[in-house]
Every structure is written in C-alpha cells, then in structure tokens.
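Student: So here's work_4.csv (CSV, N, CA and C atoms).
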chain,number,residue,atom,x,y,z
V,1,MET,N,-4.2,-46.0,227.8
V,1,MET,CA,-3.3,-46.6,228.7
V,1,MET,C,-3.5,-46.0,230.1
V,2,GLU,N,-3.5,-46.9,231.1
V,2,GLU,CA,-3.8,-46.5,232.5
V,2,GLU,C,-2.4,-46.1,233.1
V,3,LEU,N,-2.2,-44.9,233.4
V,3,LEU,CA,-1.0,-44.5,234.0
V,3,LEU,C,-1.2,-43.6,235.3
V,4,GLU,N,-0.4,-43.8,236.2
V,4,GLU,CA,-0.4,-42.9,237.4
V,4,GLU,C,0.5,-41.8,237.2
V,5,LYS,N,0.2,-40.6,237.8
V,5,LYS,CA,1.0,-39.4,237.6
V,5,LYS,C,2.2,-39.4,238.5
V,6,SER,N,2.2,-40.2,239.6
V,6,SER,CA,3.2,-40.1,240.6
V,6,SER,C,4.4,-41.1,240.4
V,7,ILE,N,4.4,-41.8,239.2
V,7,ILE,CA,5.4,-42.8,239.0
V,7,ILE,C,6.3,-42.4,237.8
V,8,LEU,N,7.5,-43.1,237.8
V,8,LEU,CA,8.4,-42.9,236.7
V,8,LEU,C,8.6,-44.3,236.1
V,9,PHE,N,9.1,-44.3,234.8
V,9,PHE,CA,9.2,-45.5,234.1
V,9,PHE,C,10.6,-45.7,233.5
V,10,ALA,N,11.0,-47.0,233.4
V,10,ALA,CA,12.2,-47.4,232.8
V,10,ALA,C,11.9,-47.8,231.3
V,11,LYS,N,12.9,-47.8,230.5
V,11,LYS,CA,12.8,-48.2,229.1
V,11,LYS,C,12.4,-49.7,229.0
V,12,SER,N,12.8,-50.4,230.0
V,12,SER,CA,12.5,-51.9,230.1
V,12,SER,C,11.0,-52.1,230.6
V,13,HIS,N,10.2,-51.1,230.8
V,13,HIS,CA,8.8,-51.1,231.1
V,13,HIS,C,8.5,-51.4,232.5
V,14,GLU,N,9.4,-51.2,233.5
V,14,GLU,CA,9.1,-51.2,234.9
V,14,GLU,C,8.6,-49.8,235.3
V,15,TRP,N,7.7,-49.7,236.2
V,15,TRP,CA,7.4,-48.4,236.8
V,15,TRP,C,7.9,-48.4,238.3
V,16,ILE,N,8.1,-47.2,238.8
V,16,ILE,CA,8.7,-47.1,240.1
V,16,ILE,C,8.0,-45.9,240.8
V,17,GLN,N,7.6,-46.1,242.1
V,17,GLN,CA,6.9,-45.1,242.8
V,17,GLN,C,7.6,-44.9,244.2
V,18,ALA,N,7.9,-43.7,244.5
V,18,ALA,CA,8.5,-43.3,245.7
V,18,ALA,C,7.6,-43.4,246.9
V,19,ALA,N,8.2,-44.0,248.0
V,19,ALA,CA,7.5,-44.0,249.3
V,19,ALA,C,8.6,-43.9,250.4
V,20,GLY,N,9.0,-42.6,250.6
V,20,GLY,CA,10.2,-42.4,251.5
V,20,GLY,C,11.4,-42.9,250.9
V,21,ASP,N,12.2,-43.7,251.7
V,21,ASP,CA,13.4,-44.2,251.1
V,21,ASP,C,13.2,-45.6,250.4
V,22,ARG,N,12.0,-45.9,250.2
V,22,ARG,CA,11.7,-47.2,249.5
V,22,ARG,C,11.0,-46.8,248.1
V,23,ARG,N,11.1,-47.7,247.2
V,23,ARG,CA,10.5,-47.5,245.9
V,23,ARG,C,9.7,-48.8,245.6
V,24,LYS,N,8.5,-48.7,245.3
V,24,LYS,CA,7.6,-49.8,244.8
V,24,LYS,C,7.8,-49.9,243.3
V,25,VAL,N,7.9,-51.2,242.9
V,25,VAL,CA,8.2,-51.5,241.5
V,25,VAL,C,7.2,-52.5,240.9
V,26,GLY,N,6.8,-52.3,239.7
V,26,GLY,CA,6.0,-53.2,238.9
V,26,GLY,C,6.2,-53.1,237.5
V,27,ILE,N,5.4,-53.8,236.7
V,27,ILE,CA,5.5,-53.6,235.2
V,27,ILE,C,4.4,-52.7,234.8
V,28,SER,N,4.6,-52.0,233.7
V,28,SER,CA,3.6,-51.0,233.2
V,28,SER,C,2.4,-51.8,232.6
V,29,ASP,N,1.3,-51.0,232.5
V,29,ASP,CA,0.1,-51.5,231.8
V,29,ASP,C,0.4,-51.9,230.4
V,30,PHE,N,1.2,-51.2,229.7
V,30,PHE,CA,1.7,-51.5,228.3
V,30,PHE,C,2.4,-52.9,228.3
V,31,ALA,N,3.3,-53.1,229.3
V,31,ALA,CA,4.1,-54.3,229.3
V,31,ALA,C,3.2,-55.5,229.6
V,32,GLN,N,2.3,-55.4,230.6
V,32,GLN,CA,1.4,-56.5,230.9
V,32,GLN,C,0.5,-56.8,229.7
V,33,GLY,N,0.1,-55.8,229.0
V,33,GLY,CA,-0.7,-56.0,227.8
V,33,GLY,C,0.0,-56.8,226.7
V,34,GLN,N,1.3,-56.4,226.5
V,34,GLN,CA,2.2,-57.1,225.6
V,34,GLN,C,2.4,-58.6,225.9
V,35,LEU,N,2.5,-58.8,227.2
V,35,LEU,CA,2.8,-60.2,227.7
V,35,LEU,C,1.5,-61.1,227.6
V,36,GLY,N,0.4,-60.5,227.8
V,36,GLY,CA,-0.8,-61.4,227.8
V,36,GLY,C,-1.1,-61.9,229.2
V,37,ASP,N,-1.8,-63.0,229.3
V,37,ASP,CA,-2.2,-63.5,230.6
V,37,ASP,C,-1.0,-64.0,231.4
V,38,ILE,N,-0.7,-63.4,232.5
V,38,ILE,CA,0.4,-63.8,233.4
V,38,ILE,C,0.0,-64.9,234.2
V,39,VAL,N,0.8,-66.0,234.2
V,39,VAL,CA,0.5,-67.2,234.9
V,39,VAL,C,1.5,-67.6,236.1
V,40,PHE,N,2.6,-66.9,236.1
V,40,PHE,CA,3.6,-67.3,237.1
V,40,PHE,C,4.5,-66.1,237.4
V,41,VAL,N,4.9,-66.0,238.7
V,41,VAL,CA,5.9,-65.0,239.1
V,41,VAL,C,6.9,-65.7,240.0
V,42,GLU,N,8.2,-65.5,239.7
V,42,GLU,CA,9.3,-66.0,240.6
V,42,GLU,C,10.1,-64.9,241.2
V,43,PHE,N,10.0,-64.9,242.6
V,43,PHE,CA,10.7,-63.8,243.3
V,43,PHE,C,12.0,-64.4,244.0
V,44,PRO,N,13.0,-63.6,244.2
V,44,PRO,CA,14.1,-64.0,245.0
V,44,PRO,C,13.7,-63.6,246.5
V,45,LYS,N,14.5,-64.0,247.4
V,45,LYS,CA,14.3,-63.7,248.8
V,45,LYS,C,14.8,-62.2,249.1
V,46,PRO,N,14.0,-61.5,249.9
V,46,PRO,CA,14.5,-60.1,250.2
V,46,PRO,C,15.8,-60.2,250.9
V,47,GLY,N,16.5,-59.0,250.8
V,47,GLY,CA,17.8,-58.8,251.4
V,47,GLY,C,19.0,-58.7,250.4
V,48,ARG,N,18.8,-59.1,249.2
V,48,ARG,CA,19.8,-59.0,248.2
V,48,ARG,C,19.9,-57.5,247.7
V,49,LYS,N,21.1,-57.1,247.4
V,49,LYS,CA,21.4,-55.8,246.8
V,49,LYS,C,21.4,-55.9,245.3
V,50,TYR,N,20.8,-54.9,244.6
V,50,TYR,CA,20.8,-54.9,243.1
V,50,TYR,C,21.3,-53.5,242.6
V,51,ALA,N,22.0,-53.6,241.5
V,51,ALA,CA,22.4,-52.4,240.8
V,51,ALA,C,21.3,-52.1,239.8
V,52,ALA,N,21.2,-50.8,239.4
V,52,ALA,CA,20.2,-50.4,238.4
V,52,ALA,C,20.4,-51.3,237.2
V,53,GLY,N,19.4,-51.9,236.7
V,53,GLY,CA,19.4,-52.8,235.5
V,53,GLY,C,19.6,-54.2,235.8
V,54,ASP,N,19.8,-54.6,237.0
V,54,ASP,CA,20.0,-56.0,237.4
V,54,ASP,C,18.6,-56.7,237.3
V,55,GLU,N,18.6,-58.0,236.9
V,55,GLU,CA,17.3,-58.8,236.9
V,55,GLU,C,16.9,-59.1,238.4
V,56,VAL,N,15.7,-58.8,238.7
V,56,VAL,CA,15.2,-59.0,240.1
V,56,VAL,C,14.3,-60.2,240.1
V,57,CYS,N,13.4,-60.3,239.2
V,57,CYS,CA,12.4,-61.4,239.2
V,57,CYS,C,12.0,-61.8,237.7
V,58,ILE,N,11.3,-62.9,237.6
V,58,ILE,CA,10.8,-63.5,236.4
V,58,ILE,C,9.3,-63.5,236.4
V,59,ILE,N,8.7,-63.2,235.2
V,59,ILE,CA,7.3,-63.3,235.0
V,59,ILE,C,7.1,-64.2,233.8
V,60,GLU,N,6.1,-65.1,234.0
V,60,GLU,CA,5.8,-66.0,232.8
V,60,GLU,C,4.3,-65.7,232.4
V,61,SER,N,4.1,-65.6,231.1
V,61,SER,CA,2.8,-65.5,230.6
V,61,SER,C,2.5,-66.6,229.6
V,62,CYS,N,1.3,-66.7,229.1
V,62,CYS,CA,1.0,-67.7,228.1
V,62,CYS,C,1.8,-67.5,226.8
V,63,LYS,N,2.3,-66.3,226.6
V,63,LYS,CA,3.1,-65.9,225.4
V,63,LYS,C,4.6,-66.0,225.6
V,64,ALA,N,5.1,-65.6,226.8
V,64,ALA,CA,6.6,-65.5,226.9
V,64,ALA,C,7.0,-65.5,228.4
V,65,THR,N,8.3,-65.6,228.6
V,65,THR,CA,8.9,-65.4,229.9
V,65,THR,C,9.6,-64.0,229.8
V,66,ALA,N,9.5,-63.2,230.9
V,66,ALA,CA,10.1,-61.9,230.9
V,66,ALA,C,10.8,-61.6,232.2
V,67,SER,N,12.0,-61.0,232.1
V,67,SER,CA,12.7,-60.5,233.2
V,67,SER,C,12.2,-59.2,233.7
V,68,VAL,N,12.2,-58.9,235.0
V,68,VAL,CA,11.9,-57.6,235.5
V,68,VAL,C,13.2,-57.1,236.2
V,69,TYR,N,13.5,-55.9,235.9
V,69,TYR,CA,14.8,-55.3,236.3
V,69,TYR,C,14.6,-54.3,237.4
V,70,ALA,N,15.7,-54.0,238.1
V,70,ALA,CA,15.7,-52.9,239.1
V,70,ALA,C,15.9,-51.6,238.4
V,71,PRO,N,14.9,-50.7,238.5
V,71,PRO,CA,15.1,-49.4,237.8
V,71,PRO,C,16.1,-48.5,238.5
V,72,LEU,N,16.4,-48.8,239.8
V,72,LEU,CA,17.4,-48.0,240.5
V,72,LEU,C,18.1,-49.0,241.4
V,73,ALA,N,19.3,-48.6,241.8
V,73,ALA,CA,20.1,-49.5,242.8
V,73,ALA,C,19.4,-49.5,244.1
V,74,GLY,N,19.4,-50.7,244.8
V,74,GLY,CA,18.8,-50.7,246.1
V,74,GLY,C,18.8,-52.2,246.6
V,75,THR,N,18.3,-52.3,247.8
V,75,THR,CA,18.2,-53.6,248.4
V,75,THR,C,16.7,-54.1,248.4
V,76,LEU,N,16.5,-55.3,248.0
V,76,LEU,CA,15.2,-55.9,247.9
V,76,LEU,C,14.7,-56.0,249.4
V,77,VAL,N,13.6,-55.3,249.7
V,77,VAL,CA,13.1,-55.4,251.1
V,77,VAL,C,11.7,-56.0,251.2
V,78,ALA,N,11.0,-56.2,250.1
V,78,ALA,CA,9.7,-56.8,250.1
V,78,ALA,C,9.3,-57.2,248.7
V,79,VAL,N,8.5,-58.3,248.7
V,79,VAL,CA,7.9,-58.8,247.5
V,79,VAL,C,6.4,-58.8,247.7
V,80,ASN,N,5.6,-58.8,246.6
V,80,ASN,CA,4.2,-58.9,246.8
V,80,ASN,C,3.8,-60.3,246.9
V,81,ASP,N,3.6,-60.8,248.2
V,81,ASP,CA,3.3,-62.2,248.5
V,81,ASP,C,2.0,-62.7,247.9
V,82,ALA,N,1.1,-61.8,247.5
V,82,ALA,CA,-0.2,-62.2,246.9
V,82,ALA,C,0.0,-62.7,245.5
V,83,LEU,N,1.1,-62.4,244.8
V,83,LEU,CA,1.2,-62.7,243.4
V,83,LEU,C,1.5,-64.1,243.1
V,84,PRO,N,2.3,-64.9,243.8
V,84,PRO,CA,2.5,-66.3,243.5
V,84,PRO,C,1.2,-67.1,243.4
V,85,GLY,N,0.2,-66.8,244.2
V,85,GLY,CA,-1.1,-67.5,244.2
V,85,GLY,C,-2.1,-66.8,243.2
V,86,SER,N,-1.8,-65.6,242.8
V,86,SER,CA,-2.8,-64.8,242.0
V,86,SER,C,-2.0,-63.9,241.0
V,87,PRO,N,-1.2,-64.5,240.1
V,87,PRO,CA,-0.4,-63.7,239.2
V,87,PRO,C,-1.2,-62.8,238.3
V,88,GLU,N,-2.5,-63.1,238.1
V,88,GLU,CA,-3.4,-62.4,237.2
V,88,GLU,C,-3.6,-60.9,237.7
V,89,LYS,N,-3.2,-60.7,239.0
V,89,LYS,CA,-3.4,-59.3,239.5
V,89,LYS,C,-2.5,-58.3,238.8
V,90,ILE,N,-1.4,-58.9,238.2
V,90,ILE,CA,-0.5,-58.0,237.4
V,90,ILE,C,-1.2,-57.5,236.2
V,91,ASN,N,-2.0,-58.4,235.6
V,91,ASN,CA,-2.8,-58.0,234.4
V,91,ASN,C,-4.0,-57.0,234.8
V,92,GLN,N,-4.6,-57.4,235.9
V,92,GLN,CA,-5.8,-56.7,236.3
V,92,GLN,C,-5.6,-55.3,236.9
V,93,SER,N,-4.5,-55.2,237.6
V,93,SER,CA,-4.2,-53.9,238.4
V,93,SER,C,-2.7,-53.7,238.5
V,94,PRO,N,-2.0,-53.4,237.4
V,94,PRO,CA,-0.5,-53.4,237.4
V,94,PRO,C,0.0,-52.3,238.3
V,95,TYR,N,-0.7,-51.2,238.6
V,95,TYR,CA,-0.2,-50.1,239.4
V,95,TYR,C,-0.6,-50.2,240.8
V,96,GLU,N,-1.5,-51.1,241.2
V,96,GLU,CA,-2.0,-51.1,242.6
V,96,GLU,C,-1.7,-52.5,243.1
V,97,GLU,N,-2.7,-53.5,242.9
V,97,GLU,CA,-2.5,-54.8,243.5
V,97,GLU,C,-1.4,-55.6,242.8
V,98,GLY,N,-1.1,-55.3,241.6
V,98,GLY,CA,-0.1,-56.1,240.9
V,98,GLY,C,1.4,-55.6,241.0
V,99,TRP,N,1.7,-54.7,242.0
V,99,TRP,CA,3.1,-54.3,242.2
V,99,TRP,C,3.9,-55.6,242.4
V,100,LEU,N,5.2,-55.5,242.1
V,100,LEU,CA,6.0,-56.7,242.3
V,100,LEU,C,6.9,-56.7,243.5
V,101,PHE,N,7.7,-55.7,243.7
V,101,PHE,CA,8.6,-55.7,244.8
V,101,PHE,C,8.9,-54.3,245.3
V,102,GLN,N,9.6,-54.2,246.4
V,102,GLN,CA,10.0,-52.9,247.0
V,102,GLN,C,11.5,-52.9,247.2
V,103,LEU,N,12.2,-51.8,246.8
V,103,LEU,CA,13.6,-51.6,247.0
V,103,LEU,C,13.8,-50.5,248.0
V,104,GLU,N,14.8,-50.7,248.9
V,104,GLU,CA,15.3,-49.6,249.7
V,104,GLU,C,16.4,-49.0,248.9
V,105,ILE,N,16.3,-47.8,248.6
V,105,ILE,CA,17.2,-47.1,247.6
V,105,ILE,C,18.5,-46.7,248.3
V,106,VAL,N,19.6,-46.9,247.5
V,106,VAL,CA,20.9,-46.5,247.9
V,106,VAL,C,21.1,-45.0,247.5
V,107,GLU,N,21.5,-44.2,248.4
V,107,GLU,CA,21.7,-42.7,248.2
V,107,GLU,C,23.1,-42.5,247.5
V,108,PRO,N,23.2,-41.6,246.6
V,108,PRO,CA,22.2,-40.7,246.1
V,108,PRO,C,21.4,-41.4,245.0
V,109,VAL,N,20.1,-41.0,244.9
V,109,VAL,CA,19.2,-41.6,243.9
V,109,VAL,C,19.4,-40.9,242.6
V,110,ASP,N,19.7,-41.7,241.6
V,110,ASP,CA,19.8,-41.2,240.2
V,110,ASP,C,18.7,-41.6,239.3
V,111,GLU,N,17.7,-40.8,239.2
V,111,GLU,CA,16.5,-41.1,238.4
V,111,GLU,C,16.6,-40.5,237.0
V,112,SER,N,17.8,-40.1,236.6
V,112,SER,CA,17.9,-39.4,235.3
V,112,SER,C,17.6,-40.3,234.1
V,113,ARG,N,17.7,-41.6,234.2
V,113,ARG,CA,17.4,-42.5,233.1
V,113,ARG,C,15.9,-42.9,233.0
V,114,LEU,N,15.2,-42.4,234.0
V,114,LEU,CA,13.7,-42.8,234.1
V,114,LEU,C,12.9,-41.7,233.4
V,115,MET,N,11.7,-42.1,232.9
V,115,MET,CA,10.8,-41.3,232.2
V,115,MET,C,9.6,-40.9,233.0
V,116,THR,N,9.1,-39.7,232.7
V,116,THR,CA,7.8,-39.3,233.3
V,116,THR,C,6.7,-40.0,232.5
V,117,THR,N,5.5,-39.8,233.0
V,117,THR,CA,4.3,-40.4,232.3
V,117,THR,C,4.2,-40.0,230.8
V,118,PRO,N,4.3,-38.7,230.5
V,118,PRO,CA,4.2,-38.3,229.1
V,118,PRO,C,5.4,-38.8,228.2
V,119,GLN,N,6.6,-38.8,228.8
V,119,GLN,CA,7.7,-39.4,228.1
V,119,GLN,C,7.5,-40.9,227.8
V,120,TYR,N,7.0,-41.6,228.8
V,120,TYR,CA,6.8,-43.0,228.6
V,120,TYR,C,5.7,-43.3,227.6
V,121,GLU,N,4.6,-42.5,227.7
V,121,GLU,CA,3.5,-42.7,226.7
V,121,GLU,C,4.1,-42.5,225.3
V,122,LYS,N,4.9,-41.5,225.1
V,122,LYS,CA,5.5,-41.3,223.7
V,122,LYS,C,6.4,-42.5,223.4
V,123,PHE,N,7.2,-42.9,224.3
V,123,PHE,CA,8.1,-44.1,224.1
V,123,PHE,C,7.3,-45.3,223.7
V,124,CYS,N,6.2,-45.6,224.3
V,124,CYS,CA,5.4,-46.7,224.0
V,124,CYS,C,4.7,-46.6,222.6
V,125,ARG,N,4.3,-45.4,222.2
V,125,ARG,CA,3.7,-45.2,220.9
V,125,ARG,C,4.8,-45.5,219.8
V,126,GLU,N,6.0,-45.1,220.1
V,126,GLU,CA,7.1,-45.3,219.1
V,126,GLU,C,7.5,-46.8,219.0
V,127,GLU,N,7.3,-47.5,220.1
V,127,GLU,CA,7.6,-48.9,220.1
V,127,GLU,C,6.5,-49.8,219.4
V,128,ALA,N,5.3,-49.3,219.5
V,128,ALA,CA,4.1,-50.1,219.0
V,128,ALA,C,4.1,-50.2,217.5
Would you mind writing the file out in structure tokens?
Tutor:
Amino acid sequence: MELEKSILFAKSHEWIQAAGDRRKVGISDFAQGQLGDIVFVEFPKPGRKYAAGDEVCIIESCKATASVYAPLAGTLVAVNDALPGSPEKINQSPYEEGWLFQLEIVEPVDESRLMTTPQYEKFCREEA
C-alpha cells in the first residue's frame, strides 16, 4: 500500500495532510483500490462550513458511488479542479495529483479520531 508518512487517516478512508491552517484531503490508496476505476467526482462550491464527519463530495466508480467526508471541521476553501475532467487521477495518484479538496480548519483542531499510517495499515488489514 502506498502511504505517505506526513498524513493522517479517518476510518472512512479519507487522508488529511496539514499545510498551515489548511488541510488537504483525499481518499486513501486502499479506498481507491476498493472502488475501482473512478469515473466521476461531484464537488460543492467552496465557502461552505463542515463539521467533522459531514459529507463533502461524491465519487462514482464503475463499481459504486461513495461519499467523501470531512475528517475535521472546517470551511471548504478549494477543490481539485483537475478531477472533473480527469477523475482517474484519484486512482493513479491518490496522495498527490488525486487530492480532492482543502479545508481551512476551525481551531482548536481535534485529530484524536484520526489514525497514523501504521494504525491505518492495521485497520485496513483487519477490514480486508
């Protein structure tokens, strides 16, 4: 499994990476592998506030439709504009070109429900 060491994971298979007061979010390599070929991404417009666990966007694959949730509370400040025309980037590069959206985080940040890479790897082995 391809994992970055600087990211945290939610049990719903989103990853989150800190960049100042913003957090970049995508789905994990494990999740994209489970979904199969991704063919469509639907984003909301930036500016909306989300609580941790709120649905932010929808991904459709040949196998299923999946919701992507906010791992932390924050305001949607950016979406990956390259994905509507090239959703396969989520399959090809889930941690780099296939990121989904950015949240500006509400202070204080509570990352206690998120998992480190080793914790997430163990979680995925138990789910498989």
Student: Per DSSP on the backbone, what are the strand (DSSP E) residues of chain V, as a VMD selection string?
Tutor: chain V and resid 7 to 9 14 to 19 22 to 27 38 to 42 49 to 50 55 to 61 65 to 69 74 to 79 101 to 105
Student: How would the residues just chosen look if you wrote them out with N, CA and C atoms as a compact mmCIF listing (two decimals), keeping the file's coordinate frame?
Tutor:
# COMPACT_ATOMS: atom_id res chain seq x y z
N ILE V 7 4.40 -41.80 239.20
CA ILE V 7 5.40 -42.80 239.00
C ILE V 7 6.30 -42.40 237.80
N LEU V 8 7.50 -43.10 237.80
CA LEU V 8 8.40 -42.90 236.70
C LEU V 8 8.60 -44.30 236.10
N PHE V 9 9.10 -44.30 234.80
CA PHE V 9 9.20 -45.50 234.10
C PHE V 9 10.60 -45.70 233.50
N GLU V 14 9.40 -51.20 233.50
CA GLU V 14 9.10 -51.20 234.90
C GLU V 14 8.60 -49.80 235.30
N TRP V 15 7.70 -49.70 236.20
CA TRP V 15 7.40 -48.40 236.80
C TRP V 15 7.90 -48.40 238.30
N ILE V 16 8.10 -47.20 238.80
CA ILE V 16 8.70 -47.10 240.10
C ILE V 16 8.00 -45.90 240.80
N GLN V 17 7.60 -46.10 242.10
CA GLN V 17 6.90 -45.10 242.80
C GLN V 17 7.60 -44.90 244.20
N ALA V 18 7.90 -43.70 244.50
CA ALA V 18 8.50 -43.30 245.70
C ALA V 18 7.60 -43.40 246.90
N ALA V 19 8.20 -44.00 248.00
CA ALA V 19 7.50 -44.00 249.30
C ALA V 19 8.60 -43.90 250.40
N ARG V 22 12.00 -45.90 250.20
CA ARG V 22 11.70 -47.20 249.50
C ARG V 22 11.00 -46.80 248.10
N ARG V 23 11.10 -47.70 247.20
CA ARG V 23 10.50 -47.50 245.90
C ARG V 23 9.70 -48.80 245.60
N LYS V 24 8.50 -48.70 245.30
CA LYS V 24 7.60 -49.80 244.80
C LYS V 24 7.80 -49.90 243.30
N VAL V 25 7.90 -51.20 242.90
CA VAL V 25 8.20 -51.50 241.50
C VAL V 25 7.20 -52.50 240.90
N GLY V 26 6.80 -52.30 239.70
CA GLY V 26 6.00 -53.20 238.90
C GLY V 26 6.20 -53.10 237.50
N ILE V 27 5.40 -53.80 236.70
CA ILE V 27 5.50 -53.60 235.20
C ILE V 27 4.40 -52.70 234.80
N ILE V 38 -0.70 -63.40 232.50
CA ILE V 38 0.40 -63.80 233.40
C ILE V 38 0.00 -64.90 234.20
N VAL V 39 0.80 -66.00 234.20
CA VAL V 39 0.50 -67.20 234.90
C VAL V 39 1.50 -67.60 236.10
N PHE V 40 2.60 -66.90 236.10
CA PHE V 40 3.60 -67.30 237.10
C PHE V 40 4.50 -66.10 237.40
N VAL V 41 4.90 -66.00 238.70
CA VAL V 41 5.90 -65.00 239.10
C VAL V 41 6.90 -65.70 240.00
N GLU V 42 8.20 -65.50 239.70
CA GLU V 42 9.30 -66.00 240.60
C GLU V 42 10.10 -64.90 241.20
N LYS V 49 21.10 -57.10 247.40
CA LYS V 49 21.40 -55.80 246.80
C LYS V 49 21.40 -55.90 245.30
N TYR V 50 20.80 -54.90 244.60
CA TYR V 50 20.80 -54.90 243.10
C TYR V 50 21.30 -53.50 242.60
N GLU V 55 18.60 -58.00 236.90
CA GLU V 55 17.30 -58.80 236.90
C GLU V 55 16.90 -59.10 238.40
N VAL V 56 15.70 -58.80 238.70
CA VAL V 56 15.20 -59.00 240.10
C VAL V 56 14.30 -60.20 240.10
N CYS V 57 13.40 -60.30 239.20
CA CYS V 57 12.40 -61.40 239.20
C CYS V 57 12.00 -61.80 237.70
N ILE V 58 11.30 -62.90 237.60
CA ILE V 58 10.80 -63.50 236.40
C ILE V 58 9.30 -63.50 236.40
N ILE V 59 8.70 -63.20 235.20
CA ILE V 59 7.30 -63.30 235.00
C ILE V 59 7.10 -64.20 233.80
N GLU V 60 6.10 -65.10 234.00
CA GLU V 60 5.80 -66.00 232.80
C GLU V 60 4.30 -65.70 232.40
N SER V 61 4.10 -65.60 231.10
CA SER V 61 2.80 -65.50 230.60
C SER V 61 2.50 -66.60 229.60
N THR V 65 8.30 -65.60 228.60
CA THR V 65 8.90 -65.40 229.90
C THR V 65 9.60 -64.00 229.80
N ALA V 66 9.50 -63.20 230.90
CA ALA V 66 10.10 -61.90 230.90
C ALA V 66 10.80 -61.60 232.20
N SER V 67 12.00 -61.00 232.10
CA SER V 67 12.70 -60.50 233.20
C SER V 67 12.20 -59.20 233.70
N VAL V 68 12.20 -58.90 235.00
CA VAL V 68 11.90 -57.60 235.50
C VAL V 68 13.20 -57.10 236.20
N TYR V 69 13.50 -55.90 235.90
CA TYR V 69 14.80 -55.30 236.30
C TYR V 69 14.60 -54.30 237.40
N GLY V 74 19.40 -50.70 244.80
CA GLY V 74 18.80 -50.70 246.10
C GLY V 74 18.80 -52.20 246.60
N THR V 75 18.30 -52.30 247.80
CA THR V 75 18.20 -53.60 248.40
C THR V 75 16.70 -54.10 248.40
N LEU V 76 16.50 -55.30 248.00
CA LEU V 76 15.20 -55.90 247.90
C LEU V 76 14.70 -56.00 249.40
N VAL V 77 13.60 -55.30 249.70
CA VAL V 77 13.10 -55.40 251.10
C VAL V 77 11.70 -56.00 251.20
N ALA V 78 11.00 -56.20 250.10
CA ALA V 78 9.70 -56.80 250.10
C ALA V 78 9.30 -57.20 248.70
N VAL V 79 8.50 -58.30 248.70
CA VAL V 79 7.90 -58.80 247.50
C VAL V 79 6.40 -58.80 247.70
N PHE V 101 7.70 -55.70 243.70
CA PHE V 101 8.60 -55.70 244.80
C PHE V 101 8.90 -54.30 245.30
N GLN V 102 9.60 -54.20 246.40
CA GLN V 102 10.00 -52.90 247.00
C GLN V 102 11.50 -52.90 247.20
N LEU V 103 12.20 -51.80 246.80
CA LEU V 103 13.60 -51.60 247.00
C LEU V 103 13.80 -50.50 248.00
N GLU V 104 14.80 -50.70 248.90
CA GLU V 104 15.30 -49.60 249.70
C GLU V 104 16.40 -49.00 248.90
N ILE V 105 16.30 -47.80 248.60
CA ILE V 105 17.20 -47.10 247.60
C ILE V 105 18.50 -46.70 248.30
Student: As a ChimeraX atom specification, please: the residues near Ala78 (chain V) (cut-off 10 Å, only C-alpha atoms, same-chain neighbours under 3 positions excluded).
Tutor: /V:22,24,43-47,75,81,100-104
Student: Point out the residue among V:Ala52, V:Cys57, V:Cys124, V:Leu83 with the least atom-to-atom distance to Pro71 (chain V), counting all atoms listed in the file.
Tutor: V:Ala52
Student: Go ahead and compute the interatomic distance for atom C of Phe123 (chain V) and CA of Ala31 (chain V), in Å to one decimal.
Tutor: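 According to the coordinates, atom C of Phe123 (chain V) and CA of Ala31 (chain V) are separated by 11.1 Å.
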Student: List the spatial neighbours of Leu35 (chain V) as number ranges by chain - criterion: any atom at most 7 Å away, all atoms listed in the file, same-chain residues fewer than 6 positions off excluded.
Tutor: V: 61-64
Student: Mind dumping the selected residues with N, CA and C atoms as a PDB file, in the coordinates of the input?
Tutor:
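Final file, again-v6.pdb:
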ATOM      1  N   SER V  61       4.100 -65.600 231.100  1.00  0.00           N
ATOM      2  CA  SER V  61       2.800 -65.500 230.600  1.00  0.00           C
ATOM      3  C   SER V  61       2.500 -66.600 229.600  1.00  0.00           C
ATOM      4  N   CYS V  62       1.300 -66.700 229.100  1.00  0.00           N
ATOM      5  CA  CYS V  62       1.000 -67.700 228.100  1.00  0.00           C
ATOM      6  C   CYS V  62       1.800 -67.500 226.800  1.00  0.00           C
ATOM      7  N   LYS V  63       2.300 -66.300 226.600  1.00  0.00           N
ATOM      8  CA  LYS V  63       3.100 -65.900 225.400  1.00  0.00           C
ATOM      9  C   LYS V  63       4.600 -66.000 225.600  1.00  0.00           C
ATOM     10  N   ALA V  64       5.100 -65.600 226.800  1.00  0.00           N
ATOM     11  CA  ALA V  64       6.600 -65.500 226.900  1.00  0.00           C
ATOM     12  C   ALA V  64       7.000 -65.500 228.400  1.00  0.00           C
TER      13      ALA V  64
END
Student: To one decimal place, how far is atom N of Tyr50 (chain V) from atom C of Gln92 (chain V) in Å?
Tutor: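 Spanning atom N of Tyr50 (chain V) to atom C of Gln92 (chain V) is a straight-line distance of 27.5 Å.
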Student: Which residue is closest to Ile27 (chain V)? Choose from V:Pro108, V:Pro87, V:Pro118, V:Pro94 and count only N, CA and C atoms.
Tutor: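 Result for the nearest residue to Ile27 (chain V): V:Pro94.
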Student: So the first atom is atom C of Thr117 (chain V) and the second is atom N of Leu76 (chain V); what is the distance between them in Å, to one decimal place?
Tutor: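 Separation between atom C of Thr117 (chain V) and atom N of Leu76 (chain V): 26.1 Å.
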Student: Between V:Arg113, V:Lys122, V:His13, V:Lys89, which one has atoms that come closest to Gln34 (chain V), using only C-alpha atoms?
Tutor: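 Using only C-alpha atoms, the shortest distance to Gln34 (chain V) belongs to V:His13.
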Student: As a list in words, which residues of region 31-125 of chain V does DSSP assign to helix (DSSP H, G or I)?
Tutor: Ala31, Gln32, Gly33, Gln34, Leu35, Lys89, Ile90, Asn91, Gln92, Thr117, Pro118, Gln119, Tyr120, Glu121, Lys122, Phe123, Cys124 and Arg125 of chain V
Student: For Ile59 (chain V), work out the shell of residues within 6.5 Å, counting all atoms listed in the file and skipping chain neighbours fewer than 4 positions away, then give it as a ChimeraX atom specification.
Tutor: /V:40-42,64-68
Student: Between V:Phe30, V:Trp15, V:Tyr120, V:Tyr69, which has the minimum distance to Tyr95 (chain V) (counting only C-alpha atoms)?
Tutor: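 Smallest separation from Tyr95 (chain V) among the options: V:Trp15.
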Student: Name the closest residue to Asn91 (chain V) among the candidates V:Glu60, V:Arg125, V:Ile16, V:Asp54; distances are taken between atoms, counting only C-alpha atoms.
Tutor: V:Glu60
Student: Would you list the contacts of Ile7 (chain V) as a list in words, taking every protein, DNA or RNA residue within 7 Å and counting all atoms listed in the file, but skipping same-chain residues closer than 2 positions in sequence?
Tutor: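 Here the answer would be Glu4, Lys5, Phe9, Trp15, Ile16, Gln17, Ala18, Met115, Thr116 and Thr117 of chain V.
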Student: Smallest atom-to-atom distance to Trp99 (chain V): which of V:Val25, V:Leu114, V:Leu72, V:Ile38, using only C-alpha atoms?
Tutor: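 Answer, going by the shortest atom-to-atom distance: V:Val25.
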